[in-house]
Structure formats: structure tokens, C-alpha cells
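This is target-v8.tsv. It holds TSV, C-alpha atoms.
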chain	number	residue	atom	x	y	z
F	3	MET	CA	-53.44	29.75	30.11
F	4	THR	CA	-55.64	27.49	28.05
F	5	VAL	CA	-56.53	27.67	24.37
F	6	LYS	CA	-60.19	27.18	23.42
F	7	ARG	CA	-61.17	26.67	19.81
F	8	ILE	CA	-64.57	27.62	18.38
F	9	GLN	CA	-65.93	25.77	15.34
F	10	ALA	CA	-62.66	23.84	15.05
F	11	GLY	CA	-62.61	22.33	11.58
F	12	PRO	CA	-60.00	20.11	9.92
F	13	ARG	CA	-58.43	23.11	8.19
F	14	MET	CA	-58.98	25.98	10.58
F	15	SER	CA	-60.98	27.12	13.58
F	16	GLN	CA	-63.37	30.01	13.11
F	17	ALA	CA	-62.13	31.53	16.35
F	18	VAL	CA	-59.43	30.74	18.90
F	19	VAL	CA	-59.51	32.02	22.46
F	20	HIS	CA	-56.25	32.44	24.38
F	21	GLY	CA	-56.53	34.00	27.81
F	22	ASN	CA	-58.56	37.15	27.38
F	23	VAL	CA	-57.98	37.51	23.64
F	24	VAL	CA	-59.86	35.90	20.75
F	25	TYR	CA	-58.50	35.60	17.22
F	26	LEU	CA	-61.09	35.29	14.45
F	27	ALA	CA	-60.49	33.53	11.15
F	28	GLY	CA	-60.97	35.59	8.01
F	29	GLN	CA	-64.73	35.65	7.52
F	30	VAL	CA	-66.30	35.48	4.08
F	31	CYS	CA	-69.95	35.41	3.07
F	32	PRO	CA	-71.13	31.85	2.32
F	33	ALA	CA	-72.75	31.32	-1.07
F	34	GLU	CA	-76.01	30.22	0.57
F	35	ALA	CA	-76.44	33.70	2.02
F	36	GLY	CA	-77.07	34.87	-1.54
F	37	ALA	CA	-75.32	38.22	-1.09
F	38	THR	CA	-73.67	39.39	-4.29
F	39	THR	CA	-72.74	42.97	-3.33
F	40	VAL	CA	-70.03	44.18	-1.00
F	41	ALA	CA	-72.62	45.81	1.25
F	42	GLY	CA	-74.64	42.61	1.41
F	43	GLN	CA	-71.62	40.41	2.05
F	44	ALA	CA	-70.27	42.84	4.65
F	45	LYS	CA	-73.55	42.65	6.58
F	46	VAL	CA	-73.46	38.85	6.59
F	47	ILE	CA	-69.81	38.80	7.64
F	48	LEU	CA	-70.31	41.30	10.46
F	49	GLY	CA	-73.21	39.18	11.68
F	50	GLN	CA	-70.91	36.14	11.69
F	51	ILE	CA	-68.35	38.14	13.65
F	52	ASP	CA	-71.02	39.12	16.19
F	53	LYS	CA	-71.88	35.43	16.66
F	54	LEU	CA	-68.27	34.29	16.99
F	55	LEU	CA	-67.52	37.05	19.48
F	56	ALA	CA	-70.60	36.02	21.49
F	57	GLU	CA	-69.43	32.39	21.47
F	58	ALA	CA	-66.10	33.64	22.81
F	59	GLY	CA	-67.88	35.55	25.57
F	60	THR	CA	-67.33	39.02	24.17
F	61	SER	CA	-68.75	41.53	21.68
F	62	LYS	CA	-67.82	44.09	19.03
F	63	GLN	CA	-67.42	46.65	21.81
F	64	ASN	CA	-64.19	44.86	22.70
F	65	LEU	CA	-62.68	44.68	19.21
F	66	LEU	CA	-58.96	45.39	19.25
F	67	SER	CA	-58.07	45.19	15.57
F	68	ALA	CA	-59.58	44.25	12.23
F	69	THR	CA	-58.12	43.52	8.81
F	70	ILE	CA	-60.38	43.98	5.81
F	71	TRP	CA	-59.60	42.67	2.34
F	72	LEU	CA	-61.62	43.93	-0.61
F	73	THR	CA	-61.29	42.37	-4.05
F	74	ASP	CA	-61.92	45.79	-5.54
F	75	MET	CA	-60.87	48.91	-3.65
F	76	GLY	CA	-63.54	50.73	-5.64
F	77	THR	CA	-65.99	49.26	-3.10
F	78	PHE	CA	-64.24	50.94	-0.15
F	79	LYS	CA	-67.01	53.51	0.35
F	80	GLU	CA	-69.76	50.90	0.06
F	81	MET	CA	-68.03	48.72	2.65
F	82	ASN	CA	-67.49	51.65	5.01
F	83	GLU	CA	-71.19	52.57	4.98
F	84	VAL	CA	-71.98	49.16	6.44
F	85	TRP	CA	-68.95	49.15	8.74
F	86	ASP	CA	-69.58	52.61	10.17
F	87	LYS	CA	-73.11	51.64	11.23
F	88	TRP	CA	-71.90	48.41	12.80
F	89	VAL	CA	-69.00	49.56	14.96
F	90	VAL	CA	-69.65	50.86	18.46
F	91	GLN	CA	-68.89	54.56	18.67
F	92	GLY	CA	-66.12	55.18	21.17
F	93	SER	CA	-65.02	51.56	20.86
F	94	THR	CA	-63.75	51.32	17.28
F	95	PRO	CA	-60.86	48.92	16.63
F	96	ALA	CA	-57.54	49.57	14.94
F	97	ARG	CA	-58.13	48.68	11.28
F	98	ALA	CA	-56.30	48.10	8.02
F	99	THR	CA	-58.03	47.71	4.65
F	100	VAL	CA	-56.21	46.52	1.55
F	101	GLU	CA	-57.13	45.04	-1.81
F	102	ALA	CA	-56.60	41.33	-2.46
F	103	ARG	CA	-58.09	38.53	-4.47
F	104	LEU	CA	-59.80	36.07	-2.16
F	105	ALA	CA	-60.27	32.29	-2.13
F	106	GLY	CA	-63.00	32.39	-4.78
F	107	PRO	CA	-64.33	35.00	-7.21
F	108	GLN	CA	-67.69	34.99	-5.38
F	109	TYR	CA	-66.03	36.55	-2.33
F	110	LEU	CA	-65.92	40.35	-2.54
F	111	ILE	CA	-64.78	41.00	1.03
F	112	GLU	CA	-63.10	39.17	3.88
F	113	ILE	CA	-62.64	40.37	7.47
F	114	ALA	CA	-60.39	39.01	10.22
F	115	ALA	CA	-60.33	40.43	13.74
F	116	ILE	CA	-58.85	40.24	17.21
F	117	ALA	CA	-60.93	41.10	20.27
F	118	ALA	CA	-60.54	41.31	24.02
F	119	ILE	CA	-62.72	39.20	26.28
F	120	GLY	CA	-64.33	40.47	29.44
C	18	MET	CA	-57.98	44.09	31.86
C	19	THR	CA	-59.16	47.36	30.36
C	20	VAL	CA	-59.11	48.47	26.74
C	21	LYS	CA	-57.86	52.00	26.01
C	22	ARG	CA	-58.37	53.54	22.59
C	23	ILE	CA	-56.09	56.20	21.13
C	24	GLN	CA	-57.46	58.66	18.54
C	25	ALA	CA	-60.77	56.79	18.54
C	26	GLY	CA	-62.64	57.92	15.43
C	27	PRO	CA	-66.08	56.94	14.16
C	28	ARG	CA	-64.56	54.33	11.82
C	29	MET	CA	-61.47	53.12	13.63
C	30	SER	CA	-59.04	53.94	16.39
C	31	GLN	CA	-55.47	54.67	15.44
C	32	ALA	CA	-54.28	52.45	18.30
C	33	VAL	CA	-55.91	50.18	20.85
C	34	VAL	CA	-54.22	49.19	24.10
C	35	HIS	CA	-55.19	45.93	25.79
C	36	GLY	CA	-53.21	45.00	28.87
C	37	ASN	CA	-49.56	45.30	27.90
C	38	VAL	CA	-50.11	45.08	24.13
C	39	VAL	CA	-50.99	47.84	21.68
C	40	TYR	CA	-52.47	47.24	18.23
C	41	LEU	CA	-51.87	49.99	15.65
C	42	ALA	CA	-54.19	50.71	12.75
C	43	GLY	CA	-52.67	50.51	9.29
C	44	GLN	CA	-50.84	53.81	8.91
C	45	VAL	CA	-50.72	55.69	5.63
C	46	CYS	CA	-49.12	59.02	4.78
C	47	PRO	CA	-51.68	61.84	4.79
C	48	ALA	CA	-51.86	63.94	1.61
C	49	GLU	CA	-50.94	67.10	3.50
C	50	ALA	CA	-47.53	65.60	4.29
C	51	GLY	CA	-46.76	66.03	0.60
C	52	ALA	CA	-44.69	62.84	0.33
C	53	THR	CA	-45.01	61.25	-3.10
C	54	THR	CA	-42.28	58.60	-2.90
C	55	VAL	CA	-42.24	55.36	-0.94
C	56	ALA	CA	-39.22	56.53	1.03
C	57	GLY	CA	-40.90	59.81	1.89
C	58	GLN	CA	-44.19	58.18	2.84
C	59	ALA	CA	-42.38	55.52	4.88
C	60	LYS	CA	-40.61	58.21	6.92
C	61	VAL	CA	-43.90	59.97	7.66
C	62	ILE	CA	-45.60	56.70	8.58
C	63	LEU	CA	-42.78	55.57	10.86
C	64	GLY	CA	-42.95	58.96	12.57
C	65	GLN	CA	-46.70	58.43	13.10
C	66	ILE	CA	-45.96	55.00	14.55
C	67	ASP	CA	-43.39	56.53	16.93
C	68	LYS	CA	-46.03	59.00	18.14
C	69	LEU	CA	-48.76	56.38	18.58
C	70	LEU	CA	-46.39	54.09	20.46
C	71	ALA	CA	-45.43	57.00	22.71
C	72	GLU	CA	-49.12	57.74	23.38
C	73	ALA	CA	-49.49	54.08	24.34
C	74	GLY	CA	-46.55	54.36	26.71
C	75	THR	CA	-44.08	52.38	24.66
C	76	SER	CA	-41.61	52.73	21.76
C	77	LYS	CA	-40.31	51.00	18.64
C	78	GLN	CA	-37.89	49.08	20.85
C	79	ASN	CA	-40.89	47.03	21.97
C	80	LEU	CA	-42.34	46.25	18.55
C	81	LEU	CA	-43.58	42.68	18.33
C	82	SER	CA	-44.74	42.45	14.72
C	83	ALA	CA	-45.32	44.63	11.68
C	84	THR	CA	-47.20	44.13	8.43
C	85	ILE	CA	-46.15	46.25	5.47
C	86	TRP	CA	-48.20	46.63	2.29
C	87	LEU	CA	-46.58	48.14	-0.78
C	88	THR	CA	-48.59	49.06	-3.84
C	89	ASP	CA	-45.58	48.13	-5.96
C	90	MET	CA	-43.15	45.47	-4.74
C	91	GLY	CA	-40.59	47.16	-6.96
C	92	THR	CA	-40.22	49.67	-4.12
C	93	PHE	CA	-39.21	46.98	-1.60
C	94	LYS	CA	-35.56	48.08	-1.54
C	95	GLU	CA	-36.46	51.76	-1.23
C	96	MET	CA	-38.79	50.99	1.69
C	97	ASN	CA	-36.19	48.82	3.41
C	98	GLU	CA	-33.58	51.58	3.32
C	99	VAL	CA	-35.86	53.74	5.45
C	100	TRP	CA	-37.02	50.84	7.60
C	101	ASP	CA	-33.53	49.54	8.34
C	102	LYS	CA	-32.43	52.94	9.68
C	103	TRP	CA	-35.55	53.25	11.82
C	104	VAL	CA	-35.69	49.91	13.62
C	105	VAL	CA	-33.71	49.41	16.82
C	106	GLN	CA	-30.90	46.93	16.28
C	107	GLY	CA	-31.35	43.91	18.51
C	108	SER	CA	-35.05	44.76	18.88
C	109	THR	CA	-36.43	44.20	15.39
C	110	PRO	CA	-40.03	42.93	15.12
C	111	ALA	CA	-41.37	39.96	13.24
C	112	ARG	CA	-42.40	41.37	9.85
C	113	ALA	CA	-44.31	40.45	6.70
C	114	THR	CA	-44.30	42.55	3.52
C	115	VAL	CA	-46.70	41.94	0.65
C	116	GLU	CA	-48.04	43.86	-2.32
C	117	ALA	CA	-51.56	45.28	-2.25
C	118	ARG	CA	-53.52	48.17	-3.63
C	119	LEU	CA	-54.43	50.55	-0.81
C	120	ALA	CA	-57.41	52.78	-0.02
C	121	GLY	CA	-56.38	55.42	-2.54
C	122	PRO	CA	-53.86	55.61	-5.40
C	123	GLN	CA	-51.93	58.31	-3.52
C	124	TYR	CA	-50.93	55.76	-0.87
C	125	LEU	CA	-47.77	53.85	-1.82
C	126	ILE	CA	-47.24	52.09	1.51
C	127	GLU	CA	-49.21	51.16	4.61
C	128	ILE	CA	-47.84	49.75	7.87
C	129	ALA	CA	-49.70	48.10	10.76
C	130	ALA	CA	-47.97	46.94	13.93
C	131	ILE	CA	-48.35	45.31	17.32
C	132	ALA	CA	-46.11	46.31	20.24
C	133	ALA	CA	-45.53	45.41	23.85
C	134	ILE	CA	-45.92	48.05	26.54
C	135	GLY	CA	-43.54	48.47	29.43
Z	25	MET	CA	-43.22	40.92	30.89
Z	26	THR	CA	-40.09	40.52	28.81
Z	27	VAL	CA	-39.71	40.38	25.05
Z	28	LYS	CA	-37.46	37.68	23.60
Z	29	ARG	CA	-36.40	37.80	19.98
Z	30	ILE	CA	-35.48	34.73	17.94
Z	31	GLN	CA	-33.12	35.06	14.99
Z	32	ALA	CA	-33.05	38.82	15.45
Z	33	GLY	CA	-31.64	40.28	12.24
Z	34	PRO	CA	-30.97	43.91	11.30
Z	35	ARG	CA	-34.31	44.15	9.48
Z	36	MET	CA	-36.60	41.81	11.37
Z	37	SER	CA	-36.67	38.98	13.85
Z	38	GLN	CA	-37.97	35.64	12.67
Z	39	ALA	CA	-40.03	35.31	15.85
Z	40	VAL	CA	-40.76	37.51	18.86
Z	41	VAL	CA	-41.94	36.12	22.18
Z	42	HIS	CA	-43.99	38.32	24.50
Z	43	GLY	CA	-45.31	36.68	27.63
Z	44	ASN	CA	-47.00	33.49	26.50
Z	45	VAL	CA	-47.50	34.54	22.88
Z	46	VAL	CA	-45.08	34.27	19.95
Z	47	TYR	CA	-45.38	36.29	16.75
Z	48	LEU	CA	-43.73	34.76	13.68
Z	49	ALA	CA	-42.41	36.77	10.74
Z	50	GLY	CA	-43.86	35.98	7.35
Z	51	GLN	CA	-42.03	32.84	6.27
Z	52	VAL	CA	-40.99	32.24	2.69
Z	53	CYS	CA	-39.08	29.35	1.16
Z	54	PRO	CA	-35.40	30.22	0.68
Z	55	ALA	CA	-34.02	29.77	-2.83
Z	56	GLU	CA	-31.48	27.20	-1.61
Z	57	ALA	CA	-34.34	24.86	-0.68
Z	58	GLY	CA	-34.92	24.44	-4.40
Z	59	ALA	CA	-38.71	24.23	-4.12
Z	60	THR	CA	-40.45	25.71	-7.14
Z	61	THR	CA	-44.03	24.59	-6.51
Z	62	VAL	CA	-46.50	25.87	-3.96
Z	63	ALA	CA	-46.70	22.44	-2.35
Z	64	GLY	CA	-42.93	22.21	-2.11
Z	65	GLN	CA	-42.55	25.72	-0.74
Z	66	ALA	CA	-45.40	25.19	1.71
Z	67	LYS	CA	-43.66	22.11	3.14
Z	68	VAL	CA	-40.42	24.01	3.62
Z	69	ILE	CA	-42.22	26.96	5.21
Z	70	LEU	CA	-44.24	24.78	7.59
Z	71	GLY	CA	-41.00	23.08	8.59
Z	72	GLN	CA	-39.51	26.50	9.35
Z	73	ILE	CA	-42.57	27.33	11.42
Z	74	ASP	CA	-42.17	24.09	13.37
Z	75	LYS	CA	-38.57	25.04	14.16
Z	76	LEU	CA	-39.38	28.61	15.17
Z	77	LEU	CA	-42.22	27.43	17.40
Z	78	ALA	CA	-39.87	24.90	19.00
Z	79	GLU	CA	-37.30	27.67	19.63
Z	80	ALA	CA	-40.09	29.64	21.30
Z	81	GLY	CA	-40.93	26.65	23.48
Z	82	THR	CA	-44.18	25.71	21.76
Z	83	SER	CA	-45.56	23.78	18.79
Z	84	LYS	CA	-48.16	23.86	16.03
Z	85	GLN	CA	-50.67	22.42	18.50
Z	86	ASN	CA	-50.75	25.87	20.09
Z	87	LEU	CA	-51.23	27.92	16.93
Z	88	LEU	CA	-53.69	30.76	17.45
Z	89	SER	CA	-53.87	32.33	14.01
Z	90	ALA	CA	-52.19	32.15	10.62
Z	91	THR	CA	-52.18	34.43	7.58
Z	92	ILE	CA	-51.35	32.86	4.23
Z	93	TRP	CA	-50.50	34.85	1.12
Z	94	LEU	CA	-50.49	33.09	-2.25
Z	95	THR	CA	-49.17	34.79	-5.37
Z	96	ASP	CA	-51.79	32.89	-7.36
Z	97	MET	CA	-55.08	31.92	-5.72
Z	98	GLY	CA	-55.25	29.15	-8.32
Z	99	THR	CA	-52.86	27.26	-6.02
Z	100	PHE	CA	-55.27	27.38	-3.07
Z	101	LYS	CA	-56.14	23.67	-3.33
Z	102	GLU	CA	-52.49	22.64	-3.71
Z	103	MET	CA	-51.55	24.66	-0.62
Z	104	ASN	CA	-54.43	23.24	1.40
Z	105	GLU	CA	-53.38	19.66	0.69
Z	106	VAL	CA	-50.09	20.33	2.43
Z	107	TRP	CA	-51.64	22.48	5.14
Z	108	ASP	CA	-54.38	19.98	6.01
Z	109	LYS	CA	-51.81	17.23	6.64
Z	110	TRP	CA	-49.66	19.51	8.75
Z	111	VAL	CA	-52.18	21.01	11.17
Z	112	VAL	CA	-53.09	19.14	14.35
Z	113	GLN	CA	-56.69	17.96	14.21
Z	114	GLY	CA	-58.69	19.55	17.00
Z	115	SER	CA	-56.08	22.29	17.32
Z	116	THR	CA	-56.40	24.19	14.05
Z	117	PRO	CA	-55.75	27.95	14.15
Z	118	ALA	CA	-57.91	30.79	12.93
Z	119	ARG	CA	-56.72	31.42	9.36
Z	120	ALA	CA	-57.02	33.90	6.52
Z	121	THR	CA	-55.72	33.28	2.99
Z	122	VAL	CA	-55.49	36.02	0.39
Z	123	GLU	CA	-53.65	36.61	-2.87
Z	124	ALA	CA	-50.67	38.97	-2.97
Z	125	ARG	CA	-47.44	39.46	-4.83
Z	126	LEU	CA	-44.53	38.74	-2.50
Z	127	ALA	CA	-41.02	40.15	-2.06
Z	128	GLY	CA	-39.66	38.28	-5.09
Z	129	PRO	CA	-41.19	36.37	-8.01
Z	130	GLN	CA	-39.57	33.17	-6.74
Z	131	TYR	CA	-41.84	33.20	-3.70
Z	132	LEU	CA	-45.18	31.51	-4.34
Z	133	ILE	CA	-46.42	31.47	-0.76
Z	134	GLU	CA	-45.76	33.24	2.53
Z	135	ILE	CA	-47.14	32.33	5.95
Z	136	ALA	CA	-47.18	34.39	9.17
Z	137	ALA	CA	-48.54	33.05	12.45
Z	138	ILE	CA	-49.22	33.75	16.11
Z	139	ALA	CA	-49.03	30.94	18.70
Z	140	ALA	CA	-49.54	30.44	22.39
Z	141	ILE	CA	-46.67	29.17	24.53
Z	142	GLY	CA	-47.09	26.57	27.21

Now that the file is in, can you turn its structure into C-alpha cells?
Amino acid sequence: MTVKRIQAGPRMSQAVVHGNVVYLAGQVCPAEAGATTVAGQAKVILGQIDKLLAEAGTSKQNLLSATIWLTDMGTFKEMNEVWDKWVVQGSTPARATVEARLAGPQYLIEIAAIAAIG
Amino acid sequence: MTVKRIQAGPRMSQAVVHGNVVYLAGQVCPAEAGATTVAGQAKVILGQIDKLLAEAGTSKQNLLSATIWLTDMGTFKEMNEVWDKWVVQGSTPARATVEARLAGPQYLIEIAAIAAIG
Amino acid sequence: MTVKRIQAGPRMSQAVVHGNVVYLAGQVCPAEAGATTVAGQAKVILGQIDKLLAEAGTSKQNLLSATIWLTDMGTFKEMNEVWDKWVVQGSTPARATVEARLAGPQYLIEIAAIAAIG
């Protein structure tokens, strides 16, 4: 069973495919996206996840699990409003959401995920 | 390889089965359980995990990994006393425990897990 | 598909093999290693990961994903300097790094990982 890496950088790959499972790196909203709210950053991140899943030959319908880190749990409701519209009803992943400081103060939310392929 | 979702809600599923692996959502102790200590919440959560694993056709004997979040690392010992009695000797999972604020102040502990099936 | 546990203790196993995937417990630097910096602890931890992966019949070249917890995100750069030298170029895993207090104040960094075997 081969391993295929997507956007393999010197520090990490943005996604790694192994058999019929793909592991996504924790996604944050790049500064150039100009999103300074949790809702705005969540939308950008979920778009990135859509693209990575497509590169891996799958989609959000096949999400298995997601981990969400918020720098301020007070934004939980705001994040969920974006999340709830994005997930596919009947195909929602297992999920855990906790509070954590992220790699830079500009990042308000980070999401990692695991999805099935095919 | 099909994906089967257990307690699939509009936001997340409580467990997602893919092939012979099941991914559990982060479990917290519901308010109606009335548990206000880490030990009490841990017991409720581990009971929920037992039930979800059973629904997936497996048991704690097949746990592969677990992630535990405590809102106060000062409760590490108290959590472990419950955990150590619950796990199956000789079949303990890989585990990581870190401190994090959770979705609400009433939650003192959250546990996510991955298990093999069959 | 059998489950094989490596260094199975009463509380957790240091690694659990399921099929062609191995799940590693969150690794911290033991006090006896005498490392009191993030760089020093990271080196010890990555060495432990190398050994666990070898016991599982694989290596860092087959890493699928890694989760890194730092007690102080101010050490992100220091951690990355060690990490970047350790990972295999072209074979970097998906990765997420967040800040969290760990099981004891002596621990400055913890790393969990999932790898493919063979």
C-alpha cells in the first residue's frame, strides 16, 4: 500500500494519502486571505479542505473525523454556524473541538481532518 | 469500503466506521448526568465510549489510540484512577493527554478515540 | 486483522499496530534524559519515535500525520529547527502544532504520530 503526499513541503505535507484514507494537516487561514474573524477564517479553511480532499480523490462527504482548535472558545457558536452549513447532512464526521493557542496570534482557528477515499 | 455513521447529527456523528476502524467524536459528560468531578465525568464518558464501540461492533479491548483533554491538568491523577480501572490490561491504547479549555465550562474532560473492529 | 501493542503498560501502550498502520502515544522527554530546552526535548522525543517506528517495522519515511503540543508557542521556531532536520525530505507528514499544558511542568513538548508500515 503506497503513500502519496500532497503539497509535500520541507516541514510537512498538506495531505497524506495511505490506501483509502487521507490525513490532512492542520489548516489555518493564510494572512493573504485577509480574514480576521473566526467565521471568515473558517470559510477559508473549509475551502482549503475541500481542495485538498479533491486532490486526494475524495470529498467532505467522506470525512471520518475532524479536530478543531479555537483560540477562544467564545467563538464556538460563530464557528459552528459556518461548519453546520458546510458539512453534508447524513455524512457528518466524528469531531472534537478544544481551545488552544495556535502558531501565530493571527490564527483564530485551525482544523485537521481524516477522510475516506472512494 | 463503506462508511457507516453512528448517531449522525447535523453537526457531527458520534462515531464513524470505515472498514475495520472506528473513529469516535470527542466525548463529554452531558449535564443531565449530573457529574461535576473529573472522576465522575470520566466514568460517564468511558461508559459512552463502551456503548459507541459496541454499536460499532467492537470493544475497549480493541482501542488503538485515545486523546484526553483536561481543563485542569491538576486533575490528571484523578482521571487516571478511573482510566486505569477501565482499560483492559494487555490491550491498552496509545494515548495523549493535554490541557485545554472545552466547549463549555461545565466540561472538565473530553476523550476521543480510534478503535479496531473485529 | 490483528492488533499488536508495543510497550504495553497498565495505562497505555507506547505504540499500537493495526494492519499496516501504527499509532504512537504522545511522546514526552523523560526526566532522566536531562533535557530542559524545547530543542533538547524534541531531539529526545524524535529519537523515541524513531525507535518505536522501528519496533513497528517502519520508519519516519512512512509518517502519515503528527500532532505537536508545545507548552509555549514562543518555542515554535526552536522546535521547527529540530523537526526540519529530522523529517525526510519528500516524505513529510501532515502536521498540526498547537499550544497546551502537558502532564507535568517539566514537559515542554509532546508529539504523537501515525505512520504507515511497509

Residue neighbourhood Z:Gln72, 9 Å, only C-alpha atoms, exclusion window fewer than 3 positions, as a count of residues only: 9

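Around the coordinate (-64.7, 48.5, -6.2), residues that reach within 12 Å when counting all atoms listed in the file are Thr39, Val40, Ala41, Trp71, Leu72, Thr73, Asp74, Met75, Gly76, Thr77, Phe78, Lys79, Glu80, Met81, Asn82, Val100, Glu101, Ala102, Leu110 and Ile111 of chain F; Arg118, Leu119, Ala120 and Gly121 of chain C.
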
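When the distance limit is 8 Å and only C-alpha atoms are what count, the residues near Z:Ala120, minus those fewer than 2 positions from it on the same chain, are F:Ala27, F:Gly28, F:Gln29, F:Ala114, Z:Ala90, Z:Thr91, Z:Ile92, Z:Ala118, Z:Val122.
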
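Relative to atom CA of C:Tyr40, atom CA of C:Arg22 is found at 9.7 Å.
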
Among the residues C:Val20, C:Lys77, C:Pro110, C:Val38, the one that comes closest to C:Gly64 [using all atoms listed in the file]: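 The closest residue to C:Gly64 is C:Lys77.
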